[in-house]
Every structure is written in C-alpha cells, then in structure tokens.
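Here is the file query.txt (compact mmCIF, C-alpha atoms).
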# COMPACT_ATOMS: atom_id res chain seq x y z
CA MET A 29 0.00 0.00 0.00
CA ARG A 30 2.79 2.43 0.90
CA SER A 31 4.59 1.82 -2.38
CA SER A 32 1.35 2.48 -4.31
CA LEU A 33 0.97 5.80 -2.50
CA ILE A 34 4.53 6.80 -3.39
CA ILE A 35 3.89 5.96 -7.06
CA VAL A 36 0.70 8.02 -7.14
CA GLY A 37 2.57 10.75 -5.24
CA PHE A 38 5.14 10.98 -8.04
CA PHE A 39 2.33 11.33 -10.57
CA ILE A 40 0.66 14.11 -8.56
CA LEU A 41 3.99 15.89 -8.02
CA GLY A 42 4.64 15.76 -11.77
CA SER A 43 1.14 17.07 -12.51
CA LEU A 44 1.57 20.03 -10.15
CA LEU A 45 5.02 20.91 -11.50
CA GLY A 46 3.68 20.68 -15.06
CA TYR A 47 0.58 22.70 -14.21
CA PHE A 48 2.50 25.57 -12.65
CA GLY A 49 5.08 25.49 -15.41
CA VAL A 50 8.01 24.81 -13.07
CA VAL A 51 9.56 22.29 -15.44
CA PRO A 52 9.90 23.43 -19.07
CA THR A 53 7.84 21.27 -21.45
CA SER A 54 10.80 21.02 -23.81
CA PHE A 55 11.93 18.39 -21.29
CA LEU A 56 9.11 16.17 -22.60
CA GLU A 57 10.08 16.35 -26.25
CA GLY A 58 13.09 14.06 -25.83
CA ASP A 59 12.86 10.31 -25.77
CA ILE A 60 13.49 9.94 -22.02
CA SER A 61 10.27 8.10 -21.38
CA PHE A 62 10.84 5.74 -24.31
CA TYR A 63 14.28 4.67 -23.04
CA ALA A 64 13.08 4.45 -19.46
CA LEU A 65 10.23 2.26 -20.66
CA GLY A 66 12.63 -0.04 -22.50
CA ALA A 67 14.82 -0.29 -19.41
CA LEU A 68 11.75 -1.01 -17.29
CA MET A 69 10.65 -3.89 -19.52
CA PHE A 70 14.16 -5.32 -19.44
CA CYS A 71 14.20 -5.25 -15.62
CA VAL A 72 10.71 -6.77 -15.32
CA GLY A 73 11.92 -9.57 -17.58
CA ILE A 74 15.01 -10.14 -15.42
CA SER A 75 12.97 -10.38 -12.23
CA LEU A 76 10.57 -12.92 -13.81
CA GLY A 77 13.30 -15.05 -15.37
CA SER A 78 15.40 -15.21 -12.20
CA ASP A 79 12.68 -16.88 -10.13
CA PRO A 80 12.26 -20.48 -11.38
CA GLU A 81 10.92 -21.69 -7.98
CA THR A 82 7.65 -19.80 -8.51
CA LEU A 83 7.27 -21.42 -11.91
CA LYS A 84 7.71 -24.90 -10.45
CA SER A 85 4.99 -24.47 -7.81
CA PHE A 86 2.43 -23.84 -10.56
CA LYS A 87 2.43 -27.53 -11.50
CA LYS A 88 0.30 -28.37 -8.45
CA ILE A 89 -2.74 -26.39 -9.58
CA ASN A 90 -5.98 -28.11 -10.64
CA PRO A 91 -5.78 -28.02 -14.46
CA ARG A 92 -9.29 -26.59 -14.82
CA LEU A 93 -8.35 -23.62 -12.68
CA LEU A 94 -5.47 -22.84 -15.02
CA LEU A 95 -8.17 -21.35 -17.23
CA LEU A 96 -8.85 -18.54 -14.75
CA PRO A 97 -6.30 -15.99 -16.07
CA LEU A 98 -7.64 -16.47 -19.59
CA LEU A 99 -11.22 -15.94 -18.38
CA THR A 100 -10.13 -12.83 -16.48
CA ILE A 101 -8.61 -11.36 -19.64
CA VAL A 102 -11.60 -12.26 -21.85
CA GLY A 103 -14.13 -11.02 -19.29
CA THR A 104 -12.22 -7.77 -18.80
CA LEU A 105 -11.94 -7.10 -22.52
CA VAL A 106 -15.62 -7.89 -23.19
CA GLY A 107 -16.71 -5.69 -20.27
CA ALA A 108 -14.43 -2.83 -21.34
CA ALA A 109 -15.60 -3.13 -24.95
CA ILE A 110 -19.27 -2.87 -23.93
CA VAL A 111 -18.52 0.26 -21.86
CA GLY A 112 -16.54 1.65 -24.81
CA MET A 113 -19.59 1.23 -27.05
CA LEU A 114 -21.81 3.10 -24.59
CA LEU A 115 -19.38 5.93 -23.78
CA PRO A 116 -19.65 8.92 -26.05
CA GLY A 117 -16.29 10.11 -27.38
CA ARG A 118 -14.35 6.95 -26.44
CA SER A 119 -13.67 4.27 -29.00
CA VAL A 120 -14.14 0.58 -28.24
CA VAL A 121 -10.46 -0.11 -28.89
CA ASP A 122 -9.30 2.70 -26.56
CA SER A 123 -11.55 1.35 -23.85
CA MET A 124 -10.15 -2.17 -24.36
CA ALA A 125 -6.59 -0.80 -24.21
CA VAL A 126 -7.38 0.78 -20.83
CA GLY A 127 -9.08 -2.41 -19.62
CA SER A 128 -6.15 -4.57 -20.70
CA GLY A 129 -4.06 -2.85 -18.02
CA LEU A 130 -5.73 -5.43 -15.71
CA GLY A 131 -4.97 -3.31 -12.65
CA TYR A 132 -1.27 -2.93 -13.49
CA TYR A 133 -1.63 0.84 -13.49
CA SER A 134 2.02 1.88 -13.55
CA LEU A 135 2.94 -0.13 -16.62
CA SER A 136 -0.32 0.28 -18.56
CA SER A 137 -0.55 4.05 -18.09
CA ILE A 138 3.07 4.47 -19.18
CA PHE A 139 2.55 2.32 -22.28
CA ILE A 140 -0.72 3.97 -23.27
CA THR A 141 0.78 7.45 -22.82
CA GLU A 142 3.63 6.43 -25.13
CA PHE A 143 1.27 5.11 -27.83
CA LYS A 144 -1.92 7.13 -27.46
CA GLY A 145 -1.00 10.27 -25.55
CA ALA A 146 -1.36 11.56 -22.01
CA GLU A 147 -5.16 11.82 -22.00
CA LEU A 148 -5.83 8.10 -22.46
CA GLY A 149 -2.76 7.41 -20.29
CA THR A 150 -4.42 9.32 -17.44
CA ILE A 151 -7.63 7.35 -17.89
CA ALA A 152 -5.57 4.14 -17.79
CA LEU A 153 -3.90 5.25 -14.57
CA LEU A 154 -7.18 6.20 -12.85
CA SER A 155 -9.05 3.16 -14.16
CA ASN A 156 -6.43 0.62 -13.16
CA ILE A 157 -5.83 2.17 -9.73
CA SER A 158 -9.56 2.02 -9.09
CA ARG A 159 -9.57 -1.63 -10.21
CA GLU A 160 -6.98 -2.44 -7.55
CA LEU A 161 -8.87 -0.46 -4.90
CA LEU A 162 -12.23 -2.06 -5.74
CA ALA A 163 -10.64 -5.53 -5.79
CA LEU A 164 -9.31 -4.86 -2.27
CA LEU A 165 -12.50 -3.33 -0.88
CA LEU A 166 -15.12 -5.54 -2.50
CA ALA A 167 -13.37 -8.94 -2.10
CA PRO A 168 -15.86 -10.17 0.56
CA LEU A 169 -18.84 -9.21 -1.62
CA PHE A 170 -17.31 -10.91 -4.66
CA VAL A 171 -16.85 -14.16 -2.69
CA LYS A 172 -20.43 -14.02 -1.46
CA TYR A 173 -22.15 -13.43 -4.79
CA PHE A 174 -19.69 -14.72 -7.41
CA GLY A 175 -17.77 -17.49 -5.64
CA LYS A 176 -14.23 -17.85 -4.37
CA LEU A 177 -12.55 -17.28 -7.72
CA ALA A 178 -14.10 -13.84 -8.25
CA PRO A 179 -11.69 -11.82 -6.04
CA ILE A 180 -8.76 -13.34 -7.94
CA SER A 181 -10.29 -12.48 -11.29
CA ALA A 182 -11.15 -8.97 -10.08
CA GLY A 183 -7.60 -8.39 -8.86
CA GLY A 184 -6.21 -8.95 -12.36
CA ALA A 185 -2.45 -8.52 -12.50
CA THR A 186 -2.22 -7.49 -8.83
CA THR A 187 -3.03 -10.92 -7.39
CA MET A 188 0.59 -11.90 -6.84
CA ASP A 189 1.38 -8.85 -4.71
CA THR A 190 -0.98 -6.15 -3.44
CA THR A 191 -4.27 -8.05 -3.43
CA LEU A 192 -2.81 -11.45 -2.44
CA PRO A 193 -3.33 -11.04 1.35
CA ILE A 194 -6.98 -10.04 0.87
CA ILE A 195 -7.62 -12.99 -1.45
CA MET A 196 -6.09 -15.42 1.06
CA LYS A 197 -8.25 -13.93 3.77
CA PHE A 198 -11.61 -14.10 1.97
CA SER A 199 -11.19 -17.01 -0.48
CA GLY A 200 -8.89 -19.11 1.70
CA LYS A 201 -5.18 -19.93 2.02
CA GLU A 202 -5.52 -22.80 -0.47
CA PHE A 203 -5.96 -20.19 -3.21
CA MET A 204 -2.52 -18.69 -2.72
CA VAL A 205 -0.69 -20.61 -5.46
CA LEU A 206 -3.57 -20.07 -7.91
CA SER A 207 -3.59 -16.38 -7.07
CA VAL A 208 0.16 -16.02 -7.68
CA PHE A 209 -0.15 -18.01 -10.91
CA HIS A 210 -3.04 -15.81 -12.03
CA GLY A 211 -1.07 -12.65 -11.24
CA PHE A 212 1.98 -14.00 -13.05
CA VAL A 213 0.14 -14.81 -16.30
CA THR A 214 -1.93 -11.62 -16.37
CA ASP A 215 1.12 -9.50 -15.45
CA LEU A 216 3.01 -10.94 -18.40
CA SER A 217 0.10 -10.39 -20.76
CA VAL A 218 -0.36 -6.68 -19.92
CA PRO A 219 2.44 -5.27 -22.14
CA PHE A 220 1.36 -7.47 -25.06
CA LEU A 221 -2.36 -6.73 -24.77
CA VAL A 222 -1.87 -3.01 -24.25
CA THR A 223 0.47 -2.76 -27.24
CA LEU A 224 -1.98 -4.80 -29.32
CA PHE A 225 -4.98 -2.56 -28.57
CA CYS A 226 -2.90 0.59 -29.01
CA SER A 227 -1.74 -0.47 -32.47
CA ILE A 228 -5.14 -1.55 -33.89
CA MET B 26 11.17 -8.01 -21.83
CA LEU B 27 11.85 -11.47 -23.31
CA LEU B 28 15.52 -10.54 -23.46
CA GLY B 29 15.31 -9.66 -19.76
CA ILE B 30 13.74 -13.05 -18.92
CA GLY B 31 16.65 -14.76 -20.67
CA VAL B 32 19.24 -12.64 -18.86
CA GLY B 33 17.46 -13.20 -15.55
CA TYR B 34 17.44 -16.96 -16.06
CA ILE B 35 21.15 -17.09 -16.90
CA PHE B 36 22.10 -15.03 -13.84
CA ARG B 37 19.50 -16.60 -11.52
CA LYS B 38 22.13 -17.70 -9.00
CA LYS B 39 23.49 -14.18 -8.61
CA ASN B 40 21.93 -11.74 -6.21
CA LEU B 41 19.41 -9.81 -8.27
CA SER B 42 17.54 -8.11 -5.45
CA PHE B 43 18.70 -4.72 -6.69
CA ILE B 44 16.60 -5.20 -9.83
CA SER B 45 13.34 -4.64 -7.99
CA LYS B 46 14.73 -1.33 -6.72
CA VAL B 47 15.66 -0.32 -10.27
CA ILE B 48 12.12 -1.19 -11.38
CA THR B 49 10.62 0.92 -8.61
CA VAL B 50 12.77 3.95 -9.47
CA LEU B 51 12.01 3.62 -13.21
CA ILE B 52 8.28 3.50 -12.46
CA TRP B 53 8.67 6.64 -10.31
CA ILE B 54 10.43 8.48 -13.13
CA LEU B 55 7.89 7.43 -15.76
CA LEU B 56 4.86 8.30 -13.64
CA PHE B 57 6.49 11.63 -12.80
CA VAL B 58 6.94 12.35 -16.52
CA LEU B 59 3.33 11.32 -17.19
CA GLY B 60 2.29 13.74 -14.45
CA LEU B 61 4.31 16.52 -16.09
CA GLU B 62 2.57 15.88 -19.39
CA VAL B 63 -0.87 15.86 -17.81
CA GLY B 64 -0.28 18.97 -15.70
CA SER B 65 1.13 21.02 -18.55
CA ASN B 66 -1.77 20.10 -20.88
CA PRO B 67 -4.70 22.45 -20.10
CA GLN B 68 -7.11 20.32 -22.15
CA ILE B 69 -6.52 17.34 -19.88
CA VAL B 70 -6.62 19.38 -16.67
CA SER B 71 -10.00 20.93 -17.54
CA ASN B 72 -11.44 17.53 -18.47
CA LEU B 73 -10.10 15.65 -15.45
CA GLY B 74 -13.60 15.07 -14.05
CA LYS B 75 -14.87 13.48 -17.25
CA LEU B 76 -11.69 11.41 -17.61
CA GLY B 77 -12.23 10.11 -14.07
CA VAL B 78 -15.84 9.12 -14.79
CA ASP B 79 -14.80 7.34 -18.00
CA ALA B 80 -12.04 5.55 -16.09
CA ILE B 81 -14.40 4.30 -13.36
CA LEU B 82 -16.99 3.15 -15.91
CA ILE B 83 -14.37 1.15 -17.81
CA THR B 84 -13.25 -0.41 -14.52
CA VAL B 85 -16.81 -1.38 -13.57
CA GLY B 86 -17.33 -3.00 -16.98
CA ALA B 87 -14.00 -4.82 -16.76
CA LEU B 88 -14.74 -6.07 -13.23
CA LEU B 89 -18.26 -7.26 -14.03
CA GLY B 90 -17.01 -9.11 -17.10
CA SER B 91 -14.17 -10.85 -15.30
CA ILE B 92 -16.05 -11.83 -12.12
CA THR B 93 -18.98 -13.19 -14.16
CA LEU B 94 -16.65 -15.59 -15.98
CA ALA B 95 -14.93 -16.43 -12.67
CA ALA B 96 -18.33 -17.31 -11.21
CA LEU B 97 -19.06 -19.61 -14.16
CA LEU B 98 -15.70 -21.37 -13.76
CA TRP B 99 -16.31 -21.74 -10.00
CA LYS B 100 -19.69 -23.43 -10.69
CA PHE B 101 -18.13 -25.65 -13.34
CA VAL B 102 -15.25 -26.76 -11.08
CA ASN B 103 -17.56 -27.52 -8.15
CA LYS B 104 -20.03 -29.45 -10.29
CA SER B 105 -17.29 -31.71 -11.63
CA LYS B 106 -16.13 -32.44 -8.06
CA VAL B 107 -19.60 -33.67 -7.00
CA GLU B 108 -20.06 -36.03 -9.92

Can you present the structure in this file as structure tokens?
Amino acid sequence: MRSSLIIVGFFILGSLLGYFGVVPTSFLEGDISFYALGALMFCVGISLGSDPETLKSFKKINPRLLLLPLLTIVGTLVGAAIVGMLLPGRSVVDSMAVGSGLGYYSLSSIFITEFKGAELGTIALLSNISRELLALLLAPLFVKYFGKLAPISAGGATTMDTTLPIIMKFSGKEFMVLSVFHGFVTDLSVPFLVTLFCSI
Amino acid sequence: MLLGIGVGYIFRKKNLSFISKVITVLIWILLFVLGLEVGSNPQIVSNLGKLGVDAILITVGALLGSITLAALLWKFVNKSKVE
C-alpha cells in the first residue's frame, strides 16, 4: 500500500510541477520516457526469469483452474468493450486498451501514454488504480455473490502482490498458489495486450 | 522483456535483489513524466472530471465481465467435483 501511495505521489507531483510550469515542457520532447520504458521492460523480464521456484509451484494447480487468467482477460476485454460502445467520445479499442491494463496501473498508463498520448494514459492510470482499490475493498462481496474465484479475477495482475493477502483472507489460504499463478500470467500479458490494442 | 527473462534466467544464481529497486525507481520516473505531461496540458486538466468518470466506468465493466466468468468457472469446477 505504501509503495502504491509513493507511485501516485510521483504522478501528482509531476502534474503540479507541469501545471504551474516549473519544469519546461521542452523536457518532454526528448525520448526519455521511451528509453526508461525499455529499461523497465528489461528489468521486469530479469525479475521474472530469475525466479524459477515460482514457476515450479504452478504444476500443483488443478488443471481446470489454469483457465482462470484467460477468463479474467476475456471477461475484462468484453466488459471494457461494452462500456466503450456506450461511452460517447471513447472508441471501443481505446476502452479495451485501458481495460487490458488489468490493474497494473504503472505499466499500462506508461505504455498507453507512449502510444496514445497523455489523455488516455491518465484514464488508464485512474481506471487501473480504481480496479486495484475495488478488488481490495469488495473482495468479501465478490466471494459471497460470485464465488471464491471472483476476487482473484477482479484483482487482475495485482493478485501476486498487493491483493494477495486479501484474497487469502476471503477465499482461503488454499488459493494462494492459484492467485500467484493468475497474477503471473496476467502480469506478463499486460504489455502485449496493451500494445496490441494501441496499435489496432 | 523477453531478453530480460533470458538474462534473468542465466544469472538466476546471482543476487538480483537490486533489480526490484531499479524497477521501482524507473516507475517513479515514468509516472512523474506522465504527471508533467498531464499537468502542462490544459485540455486534460480541464477535463479531469470526465476522464475520471470514464475511467471508473471502464473499470466497472471490466470487473463485471471478469467476475462473471470467474463465477461460471467456479460453478463448473464444483459441479465436476460432485459427480
């Protein structure tokens, strides 16, 4: 939670400095964010590849439940597409690009800003932060009305870190490995899905 | 990213704990730059309310879609256990 607040704090600090014109906008015309993004993807890759133990524990999961990350992605995209159709001034594809952040707000907002500009990037940031918050707050309701898999699906790419404790509390400890697996697969799919929907 | 996975796998026995710190700092920088862009763009600042509403609506759609499918899978898994 603290690290999320710091991240949002950096965004707000940047907004204020930009708003009051403290930092010259010529600073933005360079390719800083592009190189930083490349470096970020490289580091995310390193941290995934260096942890083979996590990968091994996934073999114990009930094979039917392996479908859950796929269903999360499909459900998210269908839901986002329907909202995109109803929203005036937002295209279906833009809405799906935002939805395909799956709660991974730092990465998705950065990517979408790079491809589609700061306006949709801001929507991606707000939308995916609120997904994480709602997944944390509504987990007990999701379990009650949609079953024990719903909080995992709702958490999207956050289910291997920020929302994991809440999922273990309301769905049960036996869902820990599934939750980490779900977070791992959806996490990996975010850069691909976001790039896909930004390039259509 | 795939290149990173390869590098990470090769050096998996080395201490790579500093990588997560690098990731955190890069995310800070990028979000800070995104903030700069948003703050210095008057069109975005004046529309922030509408952007927020759009964002929440997309989230609600995304959540409803994903938990509905999760509920179906949950029913399916439990049914097959009983039989």

* **Contact residues around range 52-61 of chain B with only C-alpha atoms at 6 Å, ignoring same-chain residues under 6 positions, as a ChimeraX atom specification** => /A:35,38-39,42-43,46

How big is the axis-aligned box, and where does its centre sit, when it encloses all atoms of range 49-60 of chain B listed in the file and has 4 Å added on every side, reported in Å to one decimal as JSON?
{"center_x": 7.5, "center_y": 7.3, "center_z": -12.9, "size_x": 18.5, "size_y": 20.8, "size_z": 16.6}

* Asked: What residues in chain A have any atom no more than 7 Å from chain B when counting only C-alpha atoms, and can you write them as a PyMOL selection string?
  -> chain A and resi 35+38-47+49+61+64+68-79+96+99-100+103-108+111+123+127+134+138+146-147+151-152+154-155+158-159+174-175+177-178+181-182

Store the residues picked out above in a file with C-alpha atoms, as an mmCIF file, keeping the file's coordinate frame.
data_model
loop_
_atom_site.group_PDB
_atom_site.id
_atom_site.type_symbol
_atom_site.label_atom_id
_atom_site.label_comp_id
_atom_site.auth_asym_id
_atom_site.auth_seq_id
_atom_site.Cartn_x
_atom_site.Cartn_y
_atom_site.Cartn_z
ATOM 1 C CA ILE A 35 3.890 5.960 -7.060
ATOM 2 C CA PHE A 38 5.140 10.980 -8.040
ATOM 3 C CA PHE A 39 2.330 11.330 -10.570
ATOM 4 C CA ILE A 40 0.660 14.110 -8.560
ATOM 5 C CA LEU A 41 3.990 15.890 -8.020
ATOM 6 C CA GLY A 42 4.640 15.760 -11.770
ATOM 7 C CA SER A 43 1.140 17.070 -12.510
ATOM 8 C CA LEU A 44 1.570 20.030 -10.150
ATOM 9 C CA LEU A 45 5.020 20.910 -11.500
ATOM 10 C CA GLY A 46 3.680 20.680 -15.060
ATOM 11 C CA TYR A 47 0.580 22.700 -14.210
ATOM 12 C CA GLY A 49 5.080 25.490 -15.410
ATOM 13 C CA SER A 61 10.270 8.100 -21.380
ATOM 14 C CA ALA A 64 13.080 4.450 -19.460
ATOM 15 C CA LEU A 68 11.750 -1.010 -17.290
ATOM 16 C CA MET A 69 10.650 -3.890 -19.520
ATOM 17 C CA PHE A 70 14.160 -5.320 -19.440
ATOM 18 C CA CYS A 71 14.200 -5.250 -15.620
ATOM 19 C CA VAL A 72 10.710 -6.770 -15.320
ATOM 20 C CA GLY A 73 11.920 -9.570 -17.580
ATOM 21 C CA ILE A 74 15.010 -10.140 -15.420
ATOM 22 C CA SER A 75 12.970 -10.380 -12.230
ATOM 23 C CA LEU A 76 10.570 -12.920 -13.810
ATOM 24 C CA GLY A 77 13.300 -15.050 -15.370
ATOM 25 C CA SER A 78 15.400 -15.210 -12.200
ATOM 26 C CA ASP A 79 12.680 -16.880 -10.130
ATOM 27 C CA LEU A 96 -8.850 -18.540 -14.750
ATOM 28 C CA LEU A 99 -11.220 -15.940 -18.380
ATOM 29 C CA THR A 100 -10.130 -12.830 -16.480
ATOM 30 C CA GLY A 103 -14.130 -11.020 -19.290
ATOM 31 C CA THR A 104 -12.220 -7.770 -18.800
ATOM 32 C CA LEU A 105 -11.940 -7.100 -22.520
ATOM 33 C CA VAL A 106 -15.620 -7.890 -23.190
ATOM 34 C CA GLY A 107 -16.710 -5.690 -20.270
ATOM 35 C CA ALA A 108 -14.430 -2.830 -21.340
ATOM 36 C CA VAL A 111 -18.520 0.260 -21.860
ATOM 37 C CA SER A 123 -11.550 1.350 -23.850
ATOM 38 C CA GLY A 127 -9.080 -2.410 -19.620
ATOM 39 C CA SER A 134 2.020 1.880 -13.550
ATOM 40 C CA ILE A 138 3.070 4.470 -19.180
ATOM 41 C CA ALA A 146 -1.360 11.560 -22.010
ATOM 42 C CA GLU A 147 -5.160 11.820 -22.000
ATOM 43 C CA ILE A 151 -7.630 7.350 -17.890
ATOM 44 C CA ALA A 152 -5.570 4.140 -17.790
ATOM 45 C CA LEU A 154 -7.180 6.200 -12.850
ATOM 46 C CA SER A 155 -9.050 3.160 -14.160
ATOM 47 C CA SER A 158 -9.560 2.020 -9.090
ATOM 48 C CA ARG A 159 -9.570 -1.630 -10.210
ATOM 49 C CA PHE A 174 -19.690 -14.720 -7.410
ATOM 50 C CA GLY A 175 -17.770 -17.490 -5.640
ATOM 51 C CA LEU A 177 -12.550 -17.280 -7.720
ATOM 52 C CA ALA A 178 -14.100 -13.840 -8.250
ATOM 53 C CA SER A 181 -10.290 -12.480 -11.290
ATOM 54 C CA ALA A 182 -11.150 -8.970 -10.080
#

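Taking CA of Ile228 in chain A and CA of Ile140 in chain A as the two end points, the separation is 12.8 Å.
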
* Do you know which residues are at most 10 Å from Pro97 in chain A counting all atoms listed in the file, after dropping those on the same chain fewer than 4 positions away, and could you put them as a list in words? -> Leu93, Ile101, Val102, Gly103, Ile180, Ser181, Gly184, Ala185, Leu206, Ser207, Phe209, His210, Gly211, Phe212, Val213, Thr214, Asp215 and Ser217 of chain A; Ser91 and Ala95 of chain B

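The two atoms in question, CA of Met124 in chain A and CA of Leu65 in chain A, are spaced 21.2 Å apart.
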
* To do: For Ser227 in chain A, please output as a VMD selection string all residues within 10 Å (counting only C-alpha atoms; exclusion window: fewer than 4 positions along the same chain).
  => chain A and resid 121 125 143 to 144 221 to 223

* Measure the distance from CA of Leu148 in chain A to CA of Tyr132 in chain A in Å and round it to one decimal. => 14.9 Å

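The nearest approach to Gly66 in chain A among the residues A:Leu95, A:Glu142, A:Pro116, A:Lys84, with all atoms listed in the file taken into account, belongs to A:Glu142.
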
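If you measure from each of A:Met188, A:Leu83, A:Lys201, A:Leu216 to Gly129 in chain A using all atoms listed in the file, the closest one turns out to be A:Leu216.
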